[in-house]
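File shown: query10.pdb (PDB, C-alpha atoms, pLDDT in the B column).
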ATOM      1  CA  ALA E1449      -4.488 -20.200  -1.834  1.00 55.00           C
ATOM      2  CA  VAL E1450      -6.626 -17.339  -0.596  1.00 58.00           C
ATOM      3  CA  ASP E1451     -10.232 -18.183   0.207  1.00 64.00           C
ATOM      4  CA  GLU E1452     -12.825 -16.813  -2.268  1.00 75.00           C
ATOM      5  CA  THR E1453     -14.778 -15.168   0.566  1.00 73.00           C
ATOM      6  CA  CYS E1454     -11.624 -13.372   1.688  1.00 69.00           C
ATOM      7  CA  ILE E1455     -10.981 -12.129  -1.863  1.00 74.00           C
ATOM      8  CA  ARG E1456     -14.526 -10.776  -2.037  1.00 80.00           C
ATOM      9  CA  LEU E1457     -14.155  -9.036   1.344  1.00 79.00           C
ATOM     10  CA  PHE E1458     -10.813  -7.614   0.206  1.00 79.00           C
ATOM     11  CA  ALA E1459     -12.344  -6.274  -3.028  1.00 83.00           C
ATOM     12  CA  GLU E1460     -15.261  -4.714  -1.133  1.00 88.00           C
ATOM     13  CA  ARG E1461     -12.829  -2.651   0.943  1.00 88.00           C
ATOM     14  CA  LEU E1462     -10.964  -1.129  -2.002  1.00 92.00           C
ATOM     15  CA  ARG E1463     -11.844   2.532  -2.633  1.00 94.00           C
ATOM     16  CA  PRO E1464     -11.433   4.130  -6.081  1.00 96.00           C
ATOM     17  CA  ARG E1465      -9.195   7.203  -6.252  1.00 97.00           C
ATOM     18  CA  VAL E1466      -8.054   9.347  -9.175  1.00 98.00           C
ATOM     19  CA  PHE E1467      -4.815  11.352  -9.235  1.00 98.00           C
ATOM     20  CA  GLN E1468      -3.953  13.847 -11.958  1.00 98.00           C
ATOM     21  CA  SER E1469      -0.593  14.019 -13.729  1.00 98.00           C
ATOM     22  CA  GLY E1470       2.083  15.634 -11.563  1.00 98.00           C
ATOM     23  CA  THR E1471       0.295  14.950  -8.279  1.00 98.00           C
ATOM     24  CA  PHE E1472       2.372  13.521  -5.450  1.00 97.00           C
ATOM     25  CA  ILE E1473       0.355  10.569  -4.170  1.00 97.00           C
ATOM     26  CA  THR E1474       2.719   9.980  -1.269  1.00 96.00           C
ATOM     27  CA  ARG E1475       5.720  11.866   0.071  1.00 96.00           C
ATOM     28  CA  ARG E1476       8.671  10.498   1.994  1.00 95.00           C
ATOM     29  CA  GLY E1477       7.947  10.891   5.709  1.00 93.00           C
ATOM     30  CA  ASP E1478       4.132  10.870   5.313  1.00 93.00           C
ATOM     31  CA  THR E1479       2.143   8.428   7.422  1.00 90.00           C
ATOM     32  CA  GLY E1480       2.396   4.984   5.808  1.00 89.00           C
ATOM     33  CA  ASP E1481      -1.282   4.386   5.134  1.00 91.00           C
ATOM     34  CA  PRO E1482      -2.963   3.559   2.728  1.00 93.00           C
ATOM     35  CA  MET E1483      -1.530   1.279   0.045  1.00 92.00           C
ATOM     36  CA  TYR E1484      -2.563   1.626  -3.606  1.00 95.00           C
ATOM     37  CA  PHE E1485      -3.173  -0.681  -6.557  1.00 93.00           C
ATOM     38  CA  ILE E1486      -2.751   0.961  -9.970  1.00 96.00           C
ATOM     39  CA  ALA E1487      -5.777   0.330 -12.220  1.00 96.00           C
ATOM     40  CA  SER E1488      -4.561   2.678 -14.984  1.00 97.00           C
ATOM     41  CA  GLY E1489      -1.782   5.180 -15.535  1.00 98.00           C
ATOM     42  CA  SER E1490       1.818   5.241 -14.366  1.00 98.00           C
ATOM     43  CA  CYS E1491       3.792   6.624 -11.443  1.00 98.00           C
ATOM     44  CA  SER E1492       7.373   7.346 -10.569  1.00 98.00           C
ATOM     45  CA  CYS E1493       8.881   6.251  -7.267  1.00 96.00           C
ATOM     46  CA  THR E1494      11.721   8.607  -6.297  1.00 97.00           C
ATOM     47  CA  LEU E1495      14.038   9.120  -3.371  1.00 95.00           C
ATOM     48  CA  PHE E1496      15.889  12.434  -3.048  1.00 95.00           C
ATOM     49  CA  GLY E1497      15.039  13.210  -6.686  1.00 92.00           C
ATOM     50  CA  ARG E1498      16.415   9.926  -8.098  1.00 96.00           C
ATOM     51  CA  GLU E1499      13.944   7.588  -9.765  1.00 96.00           C
ATOM     52  CA  LEU E1500      13.979   4.147  -8.169  1.00 94.00           C
ATOM     53  CA  GLU E1501      11.163   2.562 -10.133  1.00 94.00           C
ATOM     54  CA  ARG E1502       8.349   3.213 -12.608  1.00 97.00           C
ATOM     55  CA  LEU E1503       5.045   1.666 -11.651  1.00 96.00           C
ATOM     56  CA  GLY E1504       2.129   0.931 -13.953  1.00 96.00           C
ATOM     57  CA  LYS E1505      -1.166  -0.860 -14.335  1.00 96.00           C
ATOM     58  CA  GLY E1506      -1.437  -3.963 -12.170  1.00 91.00           C
ATOM     59  CA  GLN E1507       1.306  -2.909  -9.746  1.00 92.00           C
ATOM     60  CA  CYS E1508       0.945  -1.611  -6.216  1.00 90.00           C
ATOM     61  CA  PHE E1509       2.821   0.470  -3.676  1.00 93.00           C
ATOM     62  CA  GLY E1510       2.541   1.080   0.041  1.00 91.00           C
ATOM     63  CA  GLU E1511       2.652  -2.627   0.888  1.00 86.00           C
ATOM     64  CA  VAL E1512       5.765  -2.164   3.036  1.00 85.00           C
ATOM     65  CA  SER E1513       3.913   0.347   5.204  1.00 87.00           C
ATOM     66  CA  ILE E1514       0.918  -1.964   5.598  1.00 85.00           C
ATOM     67  CA  ILE E1515       3.277  -4.818   6.583  1.00 84.00           C
ATOM     68  CA  ASN E1516       5.045  -2.583   9.106  1.00 87.00           C
ATOM     69  CA  LEU E1517       1.750  -1.381  10.575  1.00 89.00           C
ATOM     70  CA  CYS E1518       0.634  -5.009  10.967  1.00 85.00           C
ATOM     71  CA  LYS E1519       3.892  -5.935  12.704  1.00 85.00           C
ATOM     72  CA  MET E1520       3.610  -2.996  15.098  1.00 89.00           C
ATOM     73  CA  ARG E1521      -0.014  -3.746  15.937  1.00 88.00           C
ATOM     74  CA  SER E1522       0.863  -7.433  16.486  1.00 85.00           C
ATOM     75  CA  ALA E1523       3.634  -6.314  18.853  1.00 91.00           C
ATOM     76  CA  GLY E1524       1.029  -4.493  20.961  1.00 93.00           C
ATOM     77  CA  LEU E1525       1.373  -0.901  19.789  1.00 92.00           C
ATOM     78  CA  SER E1526      -1.832   1.111  19.608  1.00 92.00           C
ATOM     79  CA  ASP E1527      -3.126   2.231  16.236  1.00 88.00           C
ATOM     80  CA  GLU E1528      -1.991   5.783  17.001  1.00 89.00           C
ATOM     81  CA  GLU E1529       1.529   4.711  18.075  1.00 92.00           C
ATOM     82  CA  ALA E1530       1.965   2.479  15.015  1.00 91.00           C
ATOM     83  CA  ARG E1531       0.857   5.221  12.611  1.00 88.00           C
ATOM     84  CA  ALA E1532       3.240   7.722  14.235  1.00 88.00           C
ATOM     85  CA  LYS E1533       6.198   5.351  13.735  1.00 90.00           C
ATOM     86  CA  CYS E1534       5.334   4.078  10.254  1.00 90.00           C
ATOM     87  CA  THR E1535       6.240   6.568   7.542  1.00 91.00           C
ATOM     88  CA  ARG E1536       6.732   6.467   3.783  1.00 92.00           C
ATOM     89  CA  GLY E1537      10.203   5.732   2.488  1.00 90.00           C
ATOM     90  CA  ALA E1538       9.904   7.441  -0.910  1.00 94.00           C
ATOM     91  CA  ASP E1539       7.869   9.854  -3.024  1.00 97.00           C
ATOM     92  CA  ILE E1540       5.311   8.516  -5.507  1.00 97.00           C
ATOM     93  CA  GLN E1541       4.203  10.916  -8.247  1.00 98.00           C
ATOM     94  CA  ALA E1542       1.594  10.392 -10.964  1.00 98.00           C
ATOM     95  CA  LEU E1543       3.187  10.671 -14.411  1.00 98.00           C
ATOM     96  CA  GLU E1544      -0.249  10.817 -16.046  1.00 98.00           C
ATOM     97  CA  ARG E1545      -3.850  10.567 -14.904  1.00 98.00           C
ATOM     98  CA  CYS E1546      -3.961   7.528 -12.615  1.00 98.00           C
ATOM     99  CA  GLU E1547      -6.916   5.499 -11.438  1.00 97.00           C
ATOM    100  CA  MET E1548      -6.084   3.700  -8.200  1.00 96.00           C
ATOM    101  CA  LEU E1549      -7.693   1.354  -5.752  1.00 94.00           C
ATOM    102  CA  GLU E1550      -6.903   2.366  -2.182  1.00 95.00           C
ATOM    103  CA  LEU E1551      -6.651  -0.073   0.720  1.00 92.00           C
ATOM    104  CA  ARG E1552      -6.524   1.467   4.168  1.00 92.00           C
ATOM    105  CA  PHE E1553      -4.832  -0.295   7.082  1.00 89.00           C
ATOM    106  CA  GLU E1554      -8.027  -0.517   9.138  1.00 89.00           C
ATOM    107  CA  ASP E1555      -9.613  -2.452   6.255  1.00 88.00           C
ATOM    108  CA  ALA E1556      -6.570  -4.650   5.579  1.00 84.00           C
ATOM    109  CA  TRP E1557      -5.775  -5.569   9.200  1.00 83.00           C
ATOM    110  CA  PRO E1558      -8.834  -7.787   9.877  1.00 83.00           C
ATOM    111  CA  LEU E1559      -8.432  -9.506   6.496  1.00 79.00           C
ATOM    112  CA  ILE E1560      -4.747 -10.225   7.032  1.00 76.00           C
ATOM    113  CA  ARG E1561      -5.537 -11.699  10.440  1.00 77.00           C
ATOM    114  CA  MET E1562      -8.286 -13.836   8.876  1.00 75.00           C
ATOM    115  CA  ALA E1563      -6.249 -14.974   5.842  1.00 70.00           C
ATOM    116  CA  PRO E1564      -2.494 -15.206   6.482  1.00 68.00           C
ATOM    117  CA  ASN E1565      -1.920 -15.865   2.767  1.00 69.00           C
ATOM    118  CA  LEU E1566      -2.679 -12.190   2.145  1.00 69.00           C
ATOM    119  CA  TRP E1567       0.207 -11.362   4.486  1.00 66.00           C
ATOM    120  CA  PHE E1568       2.556 -13.653   2.557  1.00 68.00           C
ATOM    121  CA  THR E1569       1.438 -12.114  -0.753  1.00 72.00           C
ATOM    122  CA  LEU E1570       2.190  -8.571   0.465  1.00 72.00           C
ATOM    123  CA  GLU E1571       5.465  -9.708   1.990  1.00 73.00           C
ATOM    124  CA  GLY E1572       6.475 -11.328  -1.323  1.00 73.00           C
ATOM    125  CA  ILE E1573       5.784  -8.098  -3.229  1.00 72.00           C
ATOM    126  CA  ALA E1574       7.846  -6.131  -0.716  1.00 70.00           C
ATOM    127  CA  LYS E1575      10.778  -8.582  -0.924  1.00 73.00           C
ATOM    128  CA  ARG E1576      10.823  -8.496  -4.744  1.00 75.00           C
ATOM    129  CA  ARG E1577      10.806  -4.690  -4.672  1.00 66.00           C
ATOM    130  CA  ALA E1578      13.662  -4.585  -2.158  1.00 66.00           C
ATOM    131  CA  MET E1579      15.814  -6.753  -4.451  1.00 64.00           C
ATOM    132  CA  LYS E1580      15.567  -4.261  -7.361  1.00 64.00           C
TER     133      LYS E1580
END
As structure tokens, what does this structure read like?
Amino acid sequence: AVDETCIRLFAERLRPRVFQSGTFITRRGDTGDPMYFIASGSCSCTLFGRELERLGKGQCFGEVSIINLCKMRSAGLSDEEARAKCTRGADIQALERCEMLELRFEDAWPLIRMAPNLWFTLEGIAKRRAMK
């Protein structure tokens, strides 16, 4: 289980963001930071124009990039080197007005180091997505 203090610290680092319908939130090849949690609305995840997945309230995206950034930093790469190597694998577009909670790598990194269960949670989400 994740410690209550860690959950509170995690929640304090989330930043609200709003994206209008049709807006590309991320594009393939963009730097892989931040990750997003969908509070309301829906998005389409596409690769080369083909829809891979529809995402809605309660789901997240960008966790693979956060995991990869963590791995690179743990391997000794600088923040700048890790960001240059970690890019988005797909496009995410808002299908309607979307309210998101944004988690930046610099906010996630200390929490993941403090509470490894957060790492396993993100890794589990990424593995389930890869199996679709």
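We find atom CA of E:Lys1505 and atom CA of E:Met1562 to be spaced 27.5 Å apart.
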TODO: Name the closest residue to E:Leu1457 among the candidates E:Glu1544, E:Phe1485, E:Trp1557, E:Cys1493; distances are taken between atoms, counting all atoms listed in the file.
DONE: E:Trp1557
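Considering all atoms listed in the file, the residue among E:Asp1481, E:Glu1511, E:Asp1539, E:Glu1529 positioned nearest to E:Leu1495 is E:Asp1539.
Candidate residues E:Asp1555, E:Thr1474, E:Gly1524, E:Arg1531 were compared for distance to E:Arg1461, and the nearest is E:Asp1555, using only C-alpha atoms.
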Task: Distance of atom CA of E:Ser1490 from atom CA of E:Cys1546, expressed in Å to one decimal place - done: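 Value for the atom CA of E:Cys1546-atom CA of E:Ser1490 distance: 6.5 Å.
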TODO: Find, counting all atoms listed in the file, the residue in E:Arg1561, E:Ala1574, E:Leu1551, E:Ala1538 that gets nearest to E:Glu1499.
DONE: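 Once distances to E:Glu1499 are computed over all atoms listed in the file, the minimum belongs to E:Ala1538.
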Open item on the list: My list of candidates is E:Ala1532, E:Leu1525, E:Leu1543, E:Ile1486. Which is closest to E:Gly1510 when distances are computed with all atoms listed in the file?
Closed with: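 Checking each of E:Ala1532, E:Leu1525, E:Leu1543, E:Ile1486 against E:Gly1510, counting all atoms listed in the file, the winner is E:Ile1486.
Distance annotation: of E:Ile1573, E:Ile1473, E:Leu1559, E:Leu1500, the residue with the minimal separation from E:Cys1518 is E:Leu1559; atom set is only C-alpha atoms.
Rounded to one decimal, atom CA of E:Thr1494 and atom CA of E:Arg1476 lie 9.0 Å from each other.
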When you get a chance, write out all heavy atoms for stretch 1550-1561 of chain E, as a PDB file, in the frame of the given file.
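What follows is the written file out_9.pdb:
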ATOM      1  N   GLU E1550      -7.548   2.072  -3.458  1.00 95.00           N
ATOM      2  CA  GLU E1550      -6.903   2.366  -2.182  1.00 95.00           C
ATOM      3  C   GLU E1550      -7.332   1.334  -1.143  1.00 95.00           C
ATOM      4  O   GLU E1550      -8.505   1.003  -1.039  1.00 95.00           O
ATOM      5  CB  GLU E1550      -7.355   3.765  -1.748  1.00 95.00           C
ATOM      6  CG  GLU E1550      -6.860   4.208  -0.402  1.00 95.00           C
ATOM      7  CD  GLU E1550      -7.483   5.535  -0.018  1.00 95.00           C
ATOM      8  OE1 GLU E1550      -6.925   6.577  -0.397  1.00 95.00           O
ATOM      9  OE2 GLU E1550      -8.534   5.524   0.657  1.00 95.00           O
ATOM     10  N   LEU E1551      -6.362   0.838  -0.387  1.00 92.00           N
ATOM     11  CA  LEU E1551      -6.651  -0.073   0.720  1.00 92.00           C
ATOM     12  C   LEU E1551      -6.069   0.520   1.988  1.00 92.00           C
ATOM     13  O   LEU E1551      -4.853   0.676   2.119  1.00 92.00           O
ATOM     14  CB  LEU E1551      -6.063  -1.468   0.468  1.00 92.00           C
ATOM     15  CG  LEU E1551      -6.330  -2.495   1.572  1.00 92.00           C
ATOM     16  CD1 LEU E1551      -7.838  -2.811   1.675  1.00 92.00           C
ATOM     17  CD2 LEU E1551      -5.541  -3.769   1.323  1.00 92.00           C
ATOM     18  N   ARG E1552      -6.937   0.883   2.899  1.00 92.00           N
ATOM     19  CA  ARG E1552      -6.524   1.467   4.168  1.00 92.00           C
ATOM     20  C   ARG E1552      -6.169   0.364   5.168  1.00 92.00           C
ATOM     21  O   ARG E1552      -6.698  -0.733   5.101  1.00 92.00           O
ATOM     22  CB  ARG E1552      -7.617   2.366   4.723  1.00 92.00           C
ATOM     23  CG  ARG E1552      -7.968   3.497   3.730  1.00 92.00           C
ATOM     24  CD  ARG E1552      -8.687   4.647   4.354  1.00 92.00           C
ATOM     25  NE  ARG E1552      -7.921   5.329   5.369  1.00 92.00           N
ATOM     26  CZ  ARG E1552      -6.915   6.185   5.136  1.00 92.00           C
ATOM     27  NH1 ARG E1552      -6.546   6.442   3.916  1.00 92.00           N
ATOM     28  NH2 ARG E1552      -6.287   6.765   6.134  1.00 92.00           N
ATOM     29  N   PHE E1553      -5.270   0.682   6.091  1.00 89.00           N
ATOM     30  CA  PHE E1553      -4.832  -0.295   7.082  1.00 89.00           C
ATOM     31  C   PHE E1553      -6.000  -0.871   7.876  1.00 89.00           C
ATOM     32  O   PHE E1553      -6.070  -2.078   8.085  1.00 89.00           O
ATOM     33  CB  PHE E1553      -3.798   0.326   8.036  1.00 89.00           C
ATOM     34  CG  PHE E1553      -3.486  -0.566   9.195  1.00 89.00           C
ATOM     35  CD1 PHE E1553      -2.731  -1.714   9.011  1.00 89.00           C
ATOM     36  CD2 PHE E1553      -3.974  -0.285  10.453  1.00 89.00           C
ATOM     37  CE1 PHE E1553      -2.466  -2.563  10.071  1.00 89.00           C
ATOM     38  CE2 PHE E1553      -3.716  -1.124  11.522  1.00 89.00           C
ATOM     39  CZ  PHE E1553      -2.956  -2.260  11.329  1.00 89.00           C
ATOM     40  N   GLU E1554      -6.920  -0.019   8.303  1.00 89.00           N
ATOM     41  CA  GLU E1554      -8.027  -0.517   9.138  1.00 89.00           C
ATOM     42  C   GLU E1554      -8.909  -1.516   8.389  1.00 89.00           C
ATOM     43  O   GLU E1554      -9.598  -2.322   9.001  1.00 89.00           O
ATOM     44  CB  GLU E1554      -8.871   0.619   9.727  1.00 89.00           C
ATOM     45  CG  GLU E1554      -9.599   1.468   8.714  1.00 89.00           C
ATOM     46  CD  GLU E1554      -8.866   2.759   8.390  1.00 89.00           C
ATOM     47  OE1 GLU E1554      -7.672   2.900   8.690  1.00 89.00           O
ATOM     48  OE2 GLU E1554      -9.518   3.648   7.814  1.00 89.00           O
ATOM     49  N   ASP E1555      -8.883  -1.467   7.054  1.00 88.00           N
ATOM     50  CA  ASP E1555      -9.613  -2.452   6.255  1.00 88.00           C
ATOM     51  C   ASP E1555      -8.772  -3.701   6.003  1.00 88.00           C
ATOM     52  O   ASP E1555      -9.299  -4.813   5.932  1.00 88.00           O
ATOM     53  CB  ASP E1555     -10.037  -1.840   4.915  1.00 88.00           C
ATOM     54  CG  ASP E1555     -11.057  -0.723   5.095  1.00 88.00           C
ATOM     55  OD1 ASP E1555     -11.920  -0.842   5.987  1.00 88.00           O
ATOM     56  OD2 ASP E1555     -10.990   0.264   4.348  1.00 88.00           O
ATOM     57  N   ALA E1556      -7.465  -3.524   5.862  1.00 84.00           N
ATOM     58  CA  ALA E1556      -6.570  -4.650   5.579  1.00 84.00           C
ATOM     59  C   ALA E1556      -6.311  -5.514   6.817  1.00 84.00           C
ATOM     60  O   ALA E1556      -6.253  -6.734   6.720  1.00 84.00           O
ATOM     61  CB  ALA E1556      -5.243  -4.135   5.022  1.00 84.00           C
ATOM     62  N   TRP E1557      -6.158  -4.883   7.963  1.00 83.00           N
ATOM     63  CA  TRP E1557      -5.775  -5.569   9.200  1.00 83.00           C
ATOM     64  C   TRP E1557      -6.675  -6.764   9.528  1.00 83.00           C
ATOM     65  O   TRP E1557      -6.165  -7.874   9.743  1.00 83.00           O
ATOM     66  CB  TRP E1557      -5.703  -4.544  10.322  1.00 83.00           C
ATOM     67  CG  TRP E1557      -5.398  -5.037  11.696  1.00 83.00           C
ATOM     68  CD1 TRP E1557      -6.161  -4.856  12.804  1.00 83.00           C
ATOM     69  CD2 TRP E1557      -4.237  -5.749  12.158  1.00 83.00           C
ATOM     70  NE1 TRP E1557      -5.556  -5.412  13.910  1.00 83.00           N
ATOM     71  CE2 TRP E1557      -4.374  -5.968  13.526  1.00 83.00           C
ATOM     72  CE3 TRP E1557      -3.105  -6.234  11.508  1.00 83.00           C
ATOM     73  CZ2 TRP E1557      -3.425  -6.643  14.290  1.00 83.00           C
ATOM     74  CZ3 TRP E1557      -2.157  -6.915  12.262  1.00 83.00           C
ATOM     75  CH2 TRP E1557      -2.318  -7.110  13.634  1.00 83.00           C
ATOM     76  N   PRO E1558      -8.005  -6.615   9.559  1.00 83.00           N
ATOM     77  CA  PRO E1558      -8.834  -7.787   9.877  1.00 83.00           C
ATOM     78  C   PRO E1558      -8.721  -8.894   8.823  1.00 83.00           C
ATOM     79  O   PRO E1558      -8.776 -10.078   9.157  1.00 83.00           O
ATOM     80  CB  PRO E1558     -10.267  -7.250   9.924  1.00 83.00           C
ATOM     81  CG  PRO E1558     -10.189  -5.787   9.788  1.00 83.00           C
ATOM     82  CD  PRO E1558      -8.797  -5.406   9.401  1.00 83.00           C
ATOM     83  N   LEU E1559      -8.545  -8.505   7.561  1.00 79.00           N
ATOM     84  CA  LEU E1559      -8.432  -9.506   6.496  1.00 79.00           C
ATOM     85  C   LEU E1559      -7.116 -10.272   6.598  1.00 79.00           C
ATOM     86  O   LEU E1559      -7.084 -11.491   6.390  1.00 79.00           O
ATOM     87  CB  LEU E1559      -8.536  -8.835   5.129  1.00 79.00           C
ATOM     88  CG  LEU E1559      -9.886  -8.206   4.798  1.00 79.00           C
ATOM     89  CD1 LEU E1559      -9.801  -7.457   3.486  1.00 79.00           C
ATOM     90  CD2 LEU E1559     -10.971  -9.258   4.757  1.00 79.00           C
ATOM     91  N   ILE E1560      -6.052  -9.572   6.904  1.00 76.00           N
ATOM     92  CA  ILE E1560      -4.747 -10.225   7.032  1.00 76.00           C
ATOM     93  C   ILE E1560      -4.757 -11.191   8.214  1.00 76.00           C
ATOM     94  O   ILE E1560      -4.202 -12.277   8.144  1.00 76.00           O
ATOM     95  CB  ILE E1560      -3.624  -9.169   7.149  1.00 76.00           C
ATOM     96  CG1 ILE E1560      -3.442  -8.490   5.786  1.00 76.00           C
ATOM     97  CG2 ILE E1560      -2.328  -9.781   7.651  1.00 76.00           C
ATOM     98  CD1 ILE E1560      -2.547  -7.283   5.800  1.00 76.00           C
ATOM     99  N   ARG E1561      -5.436 -10.813   9.277  1.00 77.00           N
ATOM    100  CA  ARG E1561      -5.537 -11.699  10.440  1.00 77.00           C
ATOM    101  C   ARG E1561      -6.393 -12.921  10.117  1.00 77.00           C
ATOM    102  O   ARG E1561      -6.147 -14.005  10.627  1.00 77.00           O
ATOM    103  CB  ARG E1561      -6.091 -10.926  11.626  1.00 77.00           C
ATOM    104  CG  ARG E1561      -5.070  -9.895  12.115  1.00 77.00           C
ATOM    105  CD  ARG E1561      -5.593  -8.942  13.138  1.00 77.00           C
ATOM    106  NE  ARG E1561      -6.029  -9.624  14.336  1.00 77.00           N
ATOM    107  CZ  ARG E1561      -6.878  -9.104  15.207  1.00 77.00           C
ATOM    108  NH1 ARG E1561      -7.381  -7.906  14.989  1.00 77.00           N
ATOM    109  NH2 ARG E1561      -7.207  -9.758  16.281  1.00 77.00           N
TER     110      ARG E1561
END
